[in-house]
$ cat entry.cif   # mmCIF, C-alpha atoms
data_my_file
loop_
_atom_site.label_atom_id
_atom_site.label_comp_id
_atom_site.auth_asym_id
_atom_site.auth_seq_id
_atom_site.Cartn_x
_atom_site.Cartn_y
_atom_site.Cartn_z
CA MET A 254 -98.61 -8.65 51.63
CA ASN A 255 -98.22 -10.49 48.33
CA PRO A 256 -98.80 -7.84 45.63
CA LYS A 257 -101.01 -10.15 43.56
CA ASN A 258 -103.57 -10.29 46.40
CA ASN A 259 -104.13 -6.52 46.42
CA THR A 260 -107.64 -5.92 45.03
CA THR A 261 -107.81 -2.16 45.67
CA ALA A 262 -108.60 -0.19 42.51
CA LEU A 263 -105.68 1.89 41.27
CA PRO A 264 -106.22 5.66 41.32
CA PRO A 265 -105.78 7.94 38.29
CA ASN A 266 -102.17 8.57 37.22
CA SER A 267 -101.14 5.09 38.32
CA VAL A 268 -98.76 3.38 35.90
CA ILE A 269 -99.70 0.26 33.97
CA GLY A 270 -96.69 -1.80 32.93
CA ILE A 271 -97.25 -3.52 29.58
CA VAL A 272 -94.88 -6.30 28.55
CA GLY A 273 -94.61 -6.05 24.77
CA GLY A 274 -94.63 -3.05 22.45
CA GLY A 275 -96.75 -4.27 19.54
CA GLN A 276 -100.09 -3.00 18.33
CA LEU A 277 -102.06 -4.58 21.18
CA GLY A 278 -99.82 -2.81 23.69
CA ARG A 279 -100.25 0.40 21.71
CA MET A 280 -104.05 0.24 21.79
CA SER A 281 -104.05 -0.79 25.45
CA ALA A 282 -101.92 2.25 26.29
CA MET A 283 -104.32 4.51 24.40
CA ALA A 284 -107.26 3.08 26.34
CA ALA A 285 -105.37 3.50 29.60
CA ALA A 286 -104.79 7.17 28.82
CA ARG A 287 -108.54 7.72 28.36
CA LEU A 288 -109.05 6.45 31.91
CA GLY A 289 -106.35 8.68 33.34
CA PHE A 290 -103.61 6.08 33.65
CA ARG A 291 -100.05 6.21 32.40
CA SER A 292 -98.42 3.34 30.53
CA HIS A 293 -94.85 2.09 30.74
CA ILE A 294 -93.96 -0.45 28.07
CA LEU A 295 -91.27 -3.10 28.30
CA ALA A 296 -90.09 -3.67 24.72
CA GLN A 297 -87.16 -5.37 23.08
CA HIS A 298 -86.65 -2.63 20.47
CA GLU A 299 -87.02 1.14 20.46
CA ASP A 300 -89.08 1.32 17.24
CA GLU A 301 -92.03 -0.82 18.38
CA PRO A 302 -95.42 0.86 17.80
CA GLY A 303 -96.52 0.84 21.43
CA LEU A 304 -93.70 3.16 22.41
CA GLN A 305 -95.15 5.91 20.24
CA VAL A 306 -98.06 6.37 22.66
CA SER A 307 -96.69 5.27 26.05
CA HIS A 308 -95.64 7.58 28.87
CA ASP A 309 -92.34 5.76 29.34
CA ALA A 310 -90.50 2.65 28.23
CA THR A 311 -87.84 0.17 29.27
CA ILE A 312 -85.85 -1.49 26.48
CA GLY A 313 -84.47 -4.93 27.17
CA SER A 314 -85.03 -8.66 27.35
CA PHE A 315 -88.27 -10.09 28.76
CA ASP A 316 -86.32 -12.48 30.97
CA ASP A 317 -83.37 -10.34 32.14
CA PRO A 318 -83.73 -9.98 35.94
CA ASP A 319 -82.08 -6.56 36.04
CA VAL A 320 -84.32 -5.23 33.26
CA LEU A 321 -87.42 -6.69 34.91
CA LYS A 322 -86.59 -5.20 38.31
CA ARG A 323 -86.02 -1.78 36.77
CA PHE A 324 -89.32 -2.08 34.89
CA ALA A 325 -91.23 -3.22 37.98
CA SER A 326 -89.91 -0.34 40.06
CA ALA A 327 -91.56 2.13 37.66
CA VAL A 328 -95.07 0.62 37.48
CA ASP A 329 -98.03 -0.22 39.73
CA VAL A 330 -99.44 -3.26 37.91
CA VAL A 331 -98.18 -5.45 35.08
CA THR A 332 -99.96 -6.97 32.10
CA PHE A 333 -98.81 -8.34 28.72
CA GLU A 334 -99.93 -7.84 25.15
CA PHE A 335 -99.07 -11.13 23.46
CA GLU A 336 -98.20 -14.70 24.45
CA ASN A 337 -94.61 -14.89 23.21
CA VAL A 338 -93.16 -13.34 26.33
CA SER A 339 -91.34 -15.04 29.18
CA ALA A 340 -93.54 -16.76 31.76
CA ASN A 341 -90.48 -16.99 34.00
CA GLY A 342 -90.09 -13.24 33.64
CA LEU A 343 -93.69 -12.74 34.71
CA ASP A 344 -93.02 -14.94 37.75
CA LEU A 345 -90.21 -12.62 38.80
CA LEU A 346 -92.38 -9.57 38.21
CA SER A 347 -95.21 -11.08 40.28
CA VAL A 348 -93.00 -11.02 43.37
CA LEU A 349 -92.66 -7.27 42.94
CA LYS A 350 -96.01 -6.09 41.51
CA PRO A 351 -99.43 -7.58 40.65
CA VAL A 352 -99.30 -9.39 37.29
CA ARG A 353 -102.65 -9.71 35.51
CA PRO A 354 -103.24 -12.18 33.87
CA SER A 355 -100.85 -14.42 35.79
CA GLY A 356 -97.80 -16.22 34.53
CA ALA A 357 -99.56 -19.53 35.23
CA ILE A 358 -102.28 -18.61 32.71
CA LEU A 359 -99.64 -17.54 30.20
CA ARG A 360 -97.93 -20.93 30.50
CA ILE A 361 -101.17 -22.71 29.66
CA SER A 362 -101.91 -20.52 26.65
CA GLN A 363 -98.32 -20.76 25.38
CA ASP A 364 -98.39 -24.53 25.09
CA ARG A 365 -101.04 -26.29 23.00
CA GLU A 366 -100.65 -29.53 24.95
CA GLN A 367 -101.17 -27.80 28.29
CA GLU A 368 -104.01 -25.73 26.84
CA LYS A 369 -105.96 -28.72 25.55
CA THR A 370 -105.29 -30.69 28.72
CA PHE A 371 -106.60 -27.83 30.84
CA LEU A 372 -109.72 -27.36 28.71
CA GLY A 373 -110.47 -31.07 28.95
CA SER A 374 -110.02 -30.98 32.72
CA ILE A 375 -112.87 -28.48 33.11
CA GLY A 376 -115.14 -30.20 30.62
CA ILE A 377 -114.70 -27.85 27.66
CA PRO A 378 -115.10 -29.65 24.30
CA VAL A 379 -112.16 -29.53 21.88
CA ALA A 380 -111.32 -31.23 18.58
CA PRO A 381 -109.74 -34.70 18.75
CA TRP A 382 -106.00 -34.41 19.35
CA SER A 383 -102.90 -36.28 20.41
CA VAL A 384 -99.28 -35.59 21.31
CA VAL A 385 -96.60 -36.42 18.73
CA THR A 386 -92.99 -36.97 19.75
CA ASP A 387 -91.63 -39.16 16.94
CA ALA A 388 -92.51 -41.06 13.76
CA GLU A 389 -94.22 -43.85 15.69
CA SER A 390 -96.55 -41.56 17.65
CA LEU A 391 -97.26 -39.59 14.46
CA ALA A 392 -98.34 -42.79 12.70
CA VAL A 393 -100.63 -43.61 15.61
CA ALA A 394 -102.11 -40.09 15.51
CA ALA A 395 -102.73 -40.37 11.78
CA GLU A 396 -104.53 -43.68 12.23
CA THR A 397 -106.62 -42.31 15.10
CA LEU A 398 -107.50 -38.92 13.61
CA GLY A 399 -107.68 -39.86 9.94
CA TYR A 400 -106.65 -37.72 6.98
CA PRO A 401 -106.40 -34.84 6.61
CA PHE A 402 -105.21 -33.61 9.99
CA ILE A 403 -103.06 -30.70 11.17
CA LEU A 404 -99.70 -31.07 12.86
CA LYS A 405 -98.73 -28.07 14.98
CA THR A 406 -95.90 -26.92 17.17
CA THR A 407 -96.94 -26.73 20.81
CA ARG A 408 -95.45 -23.26 21.18
CA MET A 409 -94.84 -20.02 19.25
CA GLY A 410 -97.34 -20.61 16.45
CA TYR A 411 -99.60 -17.77 15.28
CA ASP A 412 -101.19 -16.46 12.07
CA GLY A 413 -100.86 -19.87 10.44
CA LYS A 414 -97.18 -20.34 11.34
CA GLY A 415 -95.87 -23.54 12.92
CA GLN A 416 -98.43 -25.77 11.18
CA PHE A 417 -98.44 -28.51 8.55
CA ARG A 418 -101.63 -29.88 7.01
CA VAL A 419 -101.13 -33.61 6.42
CA HIS A 420 -103.25 -34.97 3.57
CA GLY A 421 -101.84 -38.49 3.32
CA VAL A 422 -99.34 -41.01 4.61
CA GLU A 423 -96.75 -39.85 2.07
CA LYS A 424 -96.57 -36.46 3.88
CA LEU A 425 -95.89 -37.81 7.37
CA ASP A 426 -92.10 -37.72 7.19
CA ALA A 427 -92.05 -34.22 5.68
CA ALA A 428 -94.48 -32.93 8.31
CA LEU A 429 -92.43 -34.34 11.18
CA ALA A 430 -89.19 -32.97 9.76
CA SER A 431 -90.56 -29.49 9.08
CA LEU A 432 -91.74 -28.69 12.61
CA SER A 433 -89.71 -28.30 15.79
CA PRO A 434 -89.16 -28.49 18.66
CA LYS A 435 -90.87 -31.69 19.70
CA PRO A 436 -93.34 -32.59 21.11
CA LEU A 437 -95.94 -31.55 18.55
CA VAL A 438 -99.72 -31.71 18.65
CA ALA A 439 -101.82 -33.46 16.00
CA GLU A 440 -105.36 -32.14 15.65
CA GLY A 441 -108.25 -33.66 13.77
CA MET A 442 -109.79 -31.56 11.01
CA ILE A 443 -113.25 -30.30 11.89
CA ASP A 444 -116.01 -29.90 9.32
CA PHE A 445 -117.17 -26.58 10.72
CA ALA A 446 -119.71 -24.05 9.54
CA MET A 447 -117.71 -21.09 10.79
CA GLU A 448 -115.13 -19.97 13.31
CA ILE A 449 -116.25 -17.61 16.05
CA SER A 450 -114.62 -15.98 19.02
CA VAL A 451 -115.76 -14.47 22.28
CA MET A 452 -113.90 -11.76 24.17
CA VAL A 453 -114.39 -12.43 27.89
CA VAL A 454 -113.11 -10.21 30.69
CA ARG A 455 -112.89 -10.95 34.42
CA GLY A 456 -112.11 -8.53 37.22
CA VAL A 457 -110.18 -8.92 40.46
CA ASP A 458 -113.48 -9.41 42.29
CA GLY A 459 -114.54 -12.26 39.99
CA THR A 460 -117.03 -10.23 37.94
CA THR A 461 -117.12 -11.76 34.45
CA ARG A 462 -118.41 -10.08 31.29
CA SER A 463 -118.34 -11.12 27.66
CA PHE A 464 -118.80 -9.33 24.35
CA THR A 465 -121.09 -10.73 21.70
CA ALA A 466 -119.75 -13.66 19.69
CA THR A 467 -117.92 -12.63 16.52
CA GLU A 468 -117.67 -14.50 13.20
CA ASN A 469 -114.11 -14.73 11.88
CA ARG A 470 -112.77 -15.38 8.39
CA HIS A 471 -109.14 -16.09 7.56
CA VAL A 472 -106.98 -15.80 4.46
CA SER A 473 -103.67 -17.74 4.37
CA GLY A 474 -103.96 -18.38 8.10
CA ILE A 475 -104.31 -14.67 8.97
CA LEU A 476 -107.55 -13.13 10.21
CA ASP A 477 -109.12 -11.15 7.38
CA LEU A 478 -112.64 -10.23 8.50
CA SER A 479 -114.58 -10.23 11.75
CA LEU A 480 -118.35 -9.77 11.71
CA ALA A 481 -120.19 -8.74 14.85
CA PRO A 482 -122.50 -10.27 15.74
CA ALA A 483 -121.75 -13.75 14.42
CA ARG A 484 -124.53 -15.15 12.26
CA ILE A 485 -125.60 -17.80 14.74
CA SER A 486 -128.69 -18.31 16.85
CA GLU A 487 -129.14 -16.38 20.08
CA GLU A 488 -129.09 -19.67 21.96
CA LEU A 489 -125.74 -20.66 20.46
CA ALA A 490 -124.29 -17.19 21.11
CA LEU A 491 -125.29 -17.48 24.78
CA GLN A 492 -123.72 -20.93 24.91
CA ALA A 493 -120.47 -19.55 23.46
CA GLY A 494 -120.42 -16.78 26.05
CA GLY A 495 -121.01 -19.32 28.78
CA ILE A 496 -118.09 -21.45 27.62
CA ALA A 497 -115.80 -18.42 27.58
CA SER A 498 -116.90 -17.47 31.11
CA ARG A 499 -116.28 -21.01 32.38
CA ILE A 500 -112.76 -20.92 31.00
CA ALA A 501 -112.09 -17.50 32.54
CA GLU A 502 -113.30 -18.71 35.93
CA GLY A 503 -111.37 -21.97 35.66
CA LEU A 504 -108.18 -20.03 35.00
CA ASP A 505 -108.91 -17.45 37.73
CA LEU A 506 -108.34 -14.91 34.98
CA VAL A 507 -107.91 -11.21 35.69
CA GLY A 508 -107.97 -9.30 32.42
CA ILE A 509 -109.39 -9.98 28.97
CA MET A 510 -109.14 -13.16 26.93
CA GLY A 511 -110.07 -14.22 23.41
CA VAL A 512 -111.65 -17.67 23.11
CA GLU A 513 -111.69 -19.06 19.56
CA MET A 514 -114.29 -21.73 18.75
CA PHE A 515 -115.50 -23.80 15.82
CA VAL A 516 -119.22 -24.05 15.12
CA GLY A 517 -119.89 -27.54 13.80
CA ARG A 518 -122.36 -28.32 11.02
CA ASN A 519 -124.83 -29.56 13.63
CA GLY A 520 -124.44 -26.50 15.85
CA GLU A 521 -121.95 -27.95 18.32
CA LEU A 522 -119.17 -25.74 19.71
CA LEU A 523 -115.53 -26.82 19.99
CA VAL A 524 -112.87 -24.54 21.51
CA ASN A 525 -109.84 -24.07 19.28
CA GLU A 526 -107.57 -21.95 21.45
CA ILE A 527 -107.42 -19.25 24.09
CA ALA A 528 -105.47 -15.98 24.12
CA PRO A 529 -105.32 -14.22 27.53
CA ARG A 530 -104.90 -10.67 26.21
CA PRO A 531 -106.69 -8.34 23.76
CA HIS A 532 -107.36 -10.09 20.48
CA ASN A 533 -107.50 -9.17 16.80
CA SER A 534 -111.07 -10.44 16.55
CA GLY A 535 -112.12 -7.93 19.21
CA HIS A 536 -110.98 -4.81 17.32
CA TRP A 537 -114.53 -4.13 16.12
CA THR A 538 -115.37 -3.11 19.71
CA MET A 539 -113.23 0.04 19.33
CA ASP A 540 -115.99 1.76 17.36
CA ALA A 541 -119.14 -0.32 17.98
CA CYS A 542 -119.15 -0.31 21.79
CA PRO A 543 -119.08 2.37 24.51
CA TYR A 544 -116.39 0.31 26.31
CA ASP A 545 -114.06 -1.51 23.93
CA GLN A 546 -111.94 -4.58 24.64
CA PHE A 547 -108.88 -2.49 25.53
CA GLU A 548 -110.73 -0.35 28.07
CA MET A 549 -112.29 -3.46 29.61
CA HIS A 550 -108.84 -5.02 29.91
CA VAL A 551 -107.42 -1.90 31.54
CA ARG A 552 -110.40 -1.75 33.90
CA ALA A 553 -109.88 -5.38 34.90
CA VAL A 554 -106.14 -5.20 35.58
CA THR A 555 -106.47 -1.93 37.54
CA GLY A 556 -109.39 -3.14 39.65
CA LEU A 557 -112.00 -0.77 38.21
CA PRO A 558 -115.66 -1.80 37.82
CA LEU A 559 -116.60 -3.75 34.69
CA PRO A 560 -119.70 -2.38 32.92
CA GLU A 561 -121.78 -4.56 30.63
CA PRO A 562 -119.97 -4.71 27.26
CA VAL A 563 -122.95 -3.70 25.16
CA ARG A 564 -122.69 -2.69 21.51
CA HIS A 565 -124.56 0.21 19.96
CA SER A 566 -123.85 -0.95 16.39
CA ASP A 567 -123.17 -4.02 14.32
CA ALA A 568 -119.70 -4.01 12.80
CA VAL A 569 -117.29 -5.47 10.30
CA MET A 570 -113.55 -5.37 10.99
CA LYS A 571 -111.11 -5.76 8.07
CA ASN A 572 -107.40 -6.21 8.68
CA LEU A 573 -104.88 -4.23 6.65
CA VAL A 574 -102.12 -6.70 5.86
CA GLY A 575 -98.78 -6.15 4.15
CA PRO A 576 -97.82 -3.85 1.29
CA GLU A 577 -100.84 -4.86 -0.78
CA ASP A 578 -103.39 -3.37 1.60
CA MET A 579 -101.22 -0.39 2.51
CA ALA A 580 -100.95 0.50 -1.17
CA LEU A 581 -104.68 1.26 -0.91
CA TRP A 582 -104.22 3.71 1.96
CA PRO A 583 -105.04 6.89 -0.04
CA GLU A 584 -108.34 5.32 -1.10
CA ILE A 585 -109.04 3.93 2.38
CA ILE A 586 -108.55 7.25 4.15
CA ALA A 587 -110.80 8.97 1.61
CA ALA A 588 -113.60 6.39 1.70
CA GLN A 589 -116.84 7.26 3.46
CA GLY A 590 -117.69 4.86 6.28
CA LEU A 591 -114.28 3.24 6.78
CA ILE A 592 -112.94 3.96 10.27
CA PRO A 593 -109.15 3.50 10.06
CA HIS A 594 -106.74 2.38 12.78
CA LEU A 595 -103.06 2.27 11.83
CA TYR A 596 -100.45 0.74 14.13
CA GLY A 597 -97.45 2.95 13.34
CA LYS A 598 -95.26 0.20 11.91
CA ARG A 599 -92.51 1.46 9.65
CA GLU A 600 -92.31 -1.39 7.13
CA ALA A 601 -95.22 -3.11 5.41
CA ARG A 602 -93.85 -6.62 5.03
CA PRO A 603 -95.88 -9.44 3.43
CA GLY A 604 -98.25 -10.99 5.96
CA ARG A 605 -97.67 -8.23 8.52
CA LYS A 606 -100.69 -6.64 10.16
CA MET A 607 -100.37 -2.90 9.60
CA GLY A 608 -103.78 -1.77 10.87
CA HIS A 609 -107.47 -2.39 10.46
CA VAL A 610 -110.66 -0.61 9.49
CA ASN A 611 -114.08 -0.87 11.09
CA VAL A 612 -117.39 -0.36 9.33
CA LEU A 613 -120.52 0.25 11.42
CA PHE A 614 -124.15 -0.61 10.73
CA PRO A 615 -127.25 0.13 12.84
CA ARG A 616 -127.66 -2.53 15.51
CA GLY A 617 -129.52 -5.51 14.10
CA SER A 618 -128.84 -4.63 10.45
CA LEU A 619 -125.56 -6.38 9.62
CA PRO A 620 -125.91 -6.95 5.85
CA GLY A 621 -125.34 -10.05 3.80
CA GLU A 622 -122.18 -10.79 1.86
CA PHE A 623 -122.89 -8.36 -0.96
CA GLY A 624 -123.60 -5.54 1.50
CA VAL A 625 -120.48 -6.26 3.53
CA GLN A 626 -118.26 -6.14 0.46
CA ALA A 627 -119.96 -2.99 -0.83
CA ALA A 628 -119.34 -1.28 2.51
CA LEU A 629 -115.63 -2.17 2.39
CA GLY A 630 -115.19 -0.12 -0.79
CA PRO A 631 -111.55 -0.26 -1.91
CA LEU A 632 -110.95 -3.21 0.41
CA ALA A 633 -113.70 -5.38 -1.08
CA SER A 634 -112.58 -8.88 -2.02
CA PRO A 635 -112.13 -9.30 -5.76
CA ASP A 636 -113.67 -12.79 -5.45
CA ALA A 637 -116.86 -11.59 -3.76
#

$ encode --input "entry.cif" --output "structure tokens"
Amino acid sequence: MNPKNNTTALPPNSVIGIVGGGQLGRMSAMAAARLGFRSHILAQHEDEPGLQVSHDATIGSFDDPDVLKRFASAVDVVTFEFENVSANGLDLLSVLKPVRPSGAILRISQDREQEKTFLGSIGIPVAPWSVVTDAESLAVAAETLGYPFILKTTRMGYDGKGQFRVHGVEKLDAALASLSPKPLVAEGMIDFAMEISVMVVRGVDGTTRSFTATENRHVSGILDLSLAPARISEELALQAGGIASRIAEGLDLVGIMGVEMFVGRNGELLVNEIAPRPHNSGHWTMDACPYDQFEMHVRAVTGLPLPEPVRHSDAVMKNLVGPEDMALWPEIIAAQGLIPHLYGKREARPGRKMGHVNVLFPRGSLPGEFGVQAALGPLASPDA
């Protein structure tokens, strides 16, 4: 029998293989332990934070057949914690053990052109876009989209990397030269009221659940704050959840996925991108929900039932980024109301996510901007 067709729930003490040893793998392994599972992480380096909490580890390349076979022999199911892993490697693993989500889904999420093409094929609205391969197609994109627009690499971009905001014709050559490999994707700029995301999870039996929509704010291309729930109407929140569920079903997803969306000035929703794994904007669930995003992901990939992802509190999540935020650690750990989560990374480099804090409020009482900043204490924005 093909291992990916096995829908029997895994028993306690089964081993979940996690490709990637970063913070998402770390928090997934911690959730797996709560449910009685063991985790075995495939990482490229021995000092990755996920290895600090996993039962076992394999160190090696994500696309080395010998490494992958050794890894597969030690686990019962395979998942991954970020997109920059080898889809070909997942294909090899899928012959040996169930891989959830599948390599086919990873391929779509890894490539902006494939992602936007897929979303369009199932009727999901996205911002205007076009493929750019050379100076001629870039000029056509600029004329079609208008200025400003964003030129992006199709692969490997995250936290604002792999992007160039083009404000005028004089920047076209520089934009084209600065990004590689080709093709690229040009995206029209959206006049949006806010960015939101929905964490949606789908089980092996097709059961689909979604967490409440979350409002996201970025600084220098990196997520800074997430507010749950997003400050949108109930009708729009339900619509966002429905879009996320349609995408999960269209992909035949098994596992959790973050769906990022723009809310237009007139209330329209446009999907920005998908991430078929736990997501930074879902970290608030770790303290505001009985079942957080990591437990729901583990439940999905192991075939366990998926409860309704209710929240008992409203929440604000604040990322701890680089040496600047980590310099505040003594004040953070002493502050009343800040719930800290550190990722175990040794070096606080600029722009590197080192951890996050959650702040909880009674359900239905998420405060305004002044109240949010007051609750963040030492992490309050100096501009607020």

$ closest_residue --input "entry.cif" --among "A:Val438, A:Leu345, A:Met570, A:Ala497" --to "Lys369 of chain A" --atoms "only C-alpha atoms"
A:Val438

$ closest_atom_pairs --input "entry.cif" --of "segment 513-594 of chain A" --to "segment 599-621 of chain A" --cutoff "12 Å" --atoms "all atoms listed in the file" --output "tab-separated table"
residue	atom	partner	partner_atom	distance
A:Asn533	CA	A:His609	CA	9.3
A:Ser534	CA	A:His609	CA	10.7
A:Gly535	CA	A:Asn611	CA	10.9
A:His536	CA	A:Asn611	CA	8.0
A:Trp537	CA	A:Asn611	CA	6.0
A:Thr538	CA	A:Asn611	CA	9.0
A:Met539	CA	A:Asn611	CA	8.3
A:Asp540	CA	A:Asn611	CA	7.1
A:Ala541	CA	A:Leu613	CA	6.7
A:Cys542	CA	A:Leu613	CA	10.5
A:Val563	CA	A:Arg616	CA	10.8
A:Arg564	CA	A:Arg616	CA	7.8
A:His565	CA	A:Arg616	CA	6.1
A:Ser566	CA	A:Arg616	CA	4.2
A:Asp567	CA	A:Arg616	CA	4.9
A:Ala568	CA	A:Leu613	CA	4.6
A:Val569	CA	A:Val612	CA	5.2
A:Met570	CA	A:Asn611	CA	4.5
A:Lys571	CA	A:Val610	CA	5.4
A:Asn572	CA	A:His609	CA	4.2
A:Leu573	CA	A:His609	CA	5.0
A:Val574	CA	A:Lys606	CA	4.5
A:Gly575	CA	A:Pro603	CA	4.4
A:Pro576	CA	A:Ala601	CA	4.9
A:Glu577	CA	A:Pro603	CA	8.0
A:Asp578	CA	A:Met607	CA	8.6
A:Met579	CA	A:Ala601	CA	7.2
A:Ala580	CA	A:Ala601	CA	9.4
A:Trp582	CA	A:Gly608	CA	10.5
A:Ile585	CA	A:Val610	CA	8.6
A:Ile586	CA	A:Val610	CA	9.7
A:Ala588	CA	A:Val612	CA	10.9
A:Gln589	CA	A:Val612	CA	9.6
A:Gly590	CA	A:Val612	CA	6.1
A:Leu591	CA	A:Val612	CA	5.4
A:Ile592	CA	A:Asn611	CA	5.0
A:Pro593	CA	A:Val610	CA	4.4
A:His594	CA	A:His609	CA	5.4

$ closest_residue --input "entry.cif" --among "A:Gln626, A:Thr386, A:Thr465, A:Ser281" --to "Glu548 of chain A" --atoms "only C-alpha atoms"
A:Ser281

$ closest_residue --input "entry.cif" --among "A:Val385, A:Val551, A:Ile475, A:Ala357" --to "Met283 of chain A" --atoms "all atoms listed in the file"
A:Val551

$ atom_distance --input "entry.cif" --atom1 "atom CA of Ser634 of chain A" --atom2 "atom CA of Ile403 of chain A"
27.2 Å

$ axis_aligned_box --input "entry.cif" --around "segment 425-439 of chain A" --padding-each-side "8 Å" --output "AutoDock Vina command-line options"
--center_x -95.5 --center_y -33.1 --center_z 13.4 --size_x 28.7 --size_y 25.5 --size_z 31.4

$ residues_around --input "entry.cif" --residues "segment 445-459 of chain A" --least-positions-apart "5" --cutoff "7 Å" --atoms "only C-alpha atoms" --output "MDAnalysis selection string"
chainID A and resid 260 464:469 483 494 497:498 501 506:518 535 549:550 553 556

$ write_last_selection --input "entry.cif" --atoms "C-alpha atoms" --output "mmCIF file, in the frame of the given file"
data_model
loop_
_atom_site.group_PDB
_atom_site.id
_atom_site.type_symbol
_atom_site.label_atom_id
_atom_site.label_comp_id
_atom_site.auth_asym_id
_atom_site.auth_seq_id
_atom_site.Cartn_x
_atom_site.Cartn_y
_atom_site.Cartn_z
ATOM 1 C CA THR A 260 -107.640 -5.920 45.030
ATOM 2 C CA PHE A 464 -118.800 -9.330 24.350
ATOM 3 C CA THR A 465 -121.090 -10.730 21.700
ATOM 4 C CA ALA A 466 -119.750 -13.660 19.690
ATOM 5 C CA THR A 467 -117.920 -12.630 16.520
ATOM 6 C CA GLU A 468 -117.670 -14.500 13.200
ATOM 7 C CA ASN A 469 -114.110 -14.730 11.880
ATOM 8 C CA ALA A 483 -121.750 -13.750 14.420
ATOM 9 C CA GLY A 494 -120.420 -16.780 26.050
ATOM 10 C CA ALA A 497 -115.800 -18.420 27.580
ATOM 11 C CA SER A 498 -116.900 -17.470 31.110
ATOM 12 C CA ALA A 501 -112.090 -17.500 32.540
ATOM 13 C CA LEU A 506 -108.340 -14.910 34.980
ATOM 14 C CA VAL A 507 -107.910 -11.210 35.690
ATOM 15 C CA GLY A 508 -107.970 -9.300 32.420
ATOM 16 C CA ILE A 509 -109.390 -9.980 28.970
ATOM 17 C CA MET A 510 -109.140 -13.160 26.930
ATOM 18 C CA GLY A 511 -110.070 -14.220 23.410
ATOM 19 C CA VAL A 512 -111.650 -17.670 23.110
ATOM 20 C CA GLU A 513 -111.690 -19.060 19.560
ATOM 21 C CA MET A 514 -114.290 -21.730 18.750
ATOM 22 C CA PHE A 515 -115.500 -23.800 15.820
ATOM 23 C CA VAL A 516 -119.220 -24.050 15.120
ATOM 24 C CA GLY A 517 -119.890 -27.540 13.800
ATOM 25 C CA ARG A 518 -122.360 -28.320 11.020
ATOM 26 C CA GLY A 535 -112.120 -7.930 19.210
ATOM 27 C CA MET A 549 -112.290 -3.460 29.610
ATOM 28 C CA HIS A 550 -108.840 -5.020 29.910
ATOM 29 C CA ALA A 553 -109.880 -5.380 34.900
ATOM 30 C CA GLY A 556 -109.390 -3.140 39.650
#

$ residues_around --input "entry.cif" --residues "segment 415-420 of chain A" --least-positions-apart "3" --cutoff "12 Å" --atoms "all atoms listed in the file" --output "PyMOL selection string"
chain A and resi 365+391-392+394-395+398-412+423-435+437-442+473-474

$ write_last_selection --input "entry.cif" --atoms "C-alpha atoms" --output "mmCIF file, in the coordinates of the input"
data_model
loop_
_atom_site.group_PDB
_atom_site.id
_atom_site.type_symbol
_atom_site.label_atom_id
_atom_site.label_comp_id
_atom_site.auth_asym_id
_atom_site.auth_seq_id
_atom_site.Cartn_x
_atom_site.Cartn_y
_atom_site.Cartn_z
ATOM 1 C CA ARG A 365 -101.040 -26.290 23.000
ATOM 2 C CA LEU A 391 -97.260 -39.590 14.460
ATOM 3 C CA ALA A 392 -98.340 -42.790 12.700
ATOM 4 C CA ALA A 394 -102.110 -40.090 15.510
ATOM 5 C CA ALA A 395 -102.730 -40.370 11.780
ATOM 6 C CA LEU A 398 -107.500 -38.920 13.610
ATOM 7 C CA GLY A 399 -107.680 -39.860 9.940
ATOM 8 C CA TYR A 400 -106.650 -37.720 6.980
ATOM 9 C CA PRO A 401 -106.400 -34.840 6.610
ATOM 10 C CA PHE A 402 -105.210 -33.610 9.990
ATOM 11 C CA ILE A 403 -103.060 -30.700 11.170
ATOM 12 C CA LEU A 404 -99.700 -31.070 12.860
ATOM 13 C CA LYS A 405 -98.730 -28.070 14.980
ATOM 14 C CA THR A 406 -95.900 -26.920 17.170
ATOM 15 C CA THR A 407 -96.940 -26.730 20.810
ATOM 16 C CA ARG A 408 -95.450 -23.260 21.180
ATOM 17 C CA MET A 409 -94.840 -20.020 19.250
ATOM 18 C CA GLY A 410 -97.340 -20.610 16.450
ATOM 19 C CA TYR A 411 -99.600 -17.770 15.280
ATOM 20 C CA ASP A 412 -101.190 -16.460 12.070
ATOM 21 C CA GLU A 423 -96.750 -39.850 2.070
ATOM 22 C CA LYS A 424 -96.570 -36.460 3.880
ATOM 23 C CA LEU A 425 -95.890 -37.810 7.370
ATOM 24 C CA ASP A 426 -92.100 -37.720 7.190
ATOM 25 C CA ALA A 427 -92.050 -34.220 5.680
ATOM 26 C CA ALA A 428 -94.480 -32.930 8.310
ATOM 27 C CA LEU A 429 -92.430 -34.340 11.180
ATOM 28 C CA ALA A 430 -89.190 -32.970 9.760
ATOM 29 C CA SER A 431 -90.560 -29.490 9.080
ATOM 30 C CA LEU A 432 -91.740 -28.690 12.610
ATOM 31 C CA SER A 433 -89.710 -28.300 15.790
ATOM 32 C CA PRO A 434 -89.160 -28.490 18.660
ATOM 33 C CA LYS A 435 -90.870 -31.690 19.700
ATOM 34 C CA LEU A 437 -95.940 -31.550 18.550
ATOM 35 C CA VAL A 438 -99.720 -31.710 18.650
ATOM 36 C CA ALA A 439 -101.820 -33.460 16.000
ATOM 37 C CA GLU A 440 -105.360 -32.140 15.650
ATOM 38 C CA GLY A 441 -108.250 -33.660 13.770
ATOM 39 C CA MET A 442 -109.790 -31.560 11.010
ATOM 40 C CA SER A 473 -103.670 -17.740 4.370
ATOM 41 C CA GLY A 474 -103.960 -18.380 8.100
#

$ residues_around --input "entry.cif" --residues "Gly376 of chain A" --least-positions-apart "6" --cutoff "10 Å" --atoms "only C-alpha atoms" --output "JSON, numbers by chain"
{"A": [496, 499, 500]}
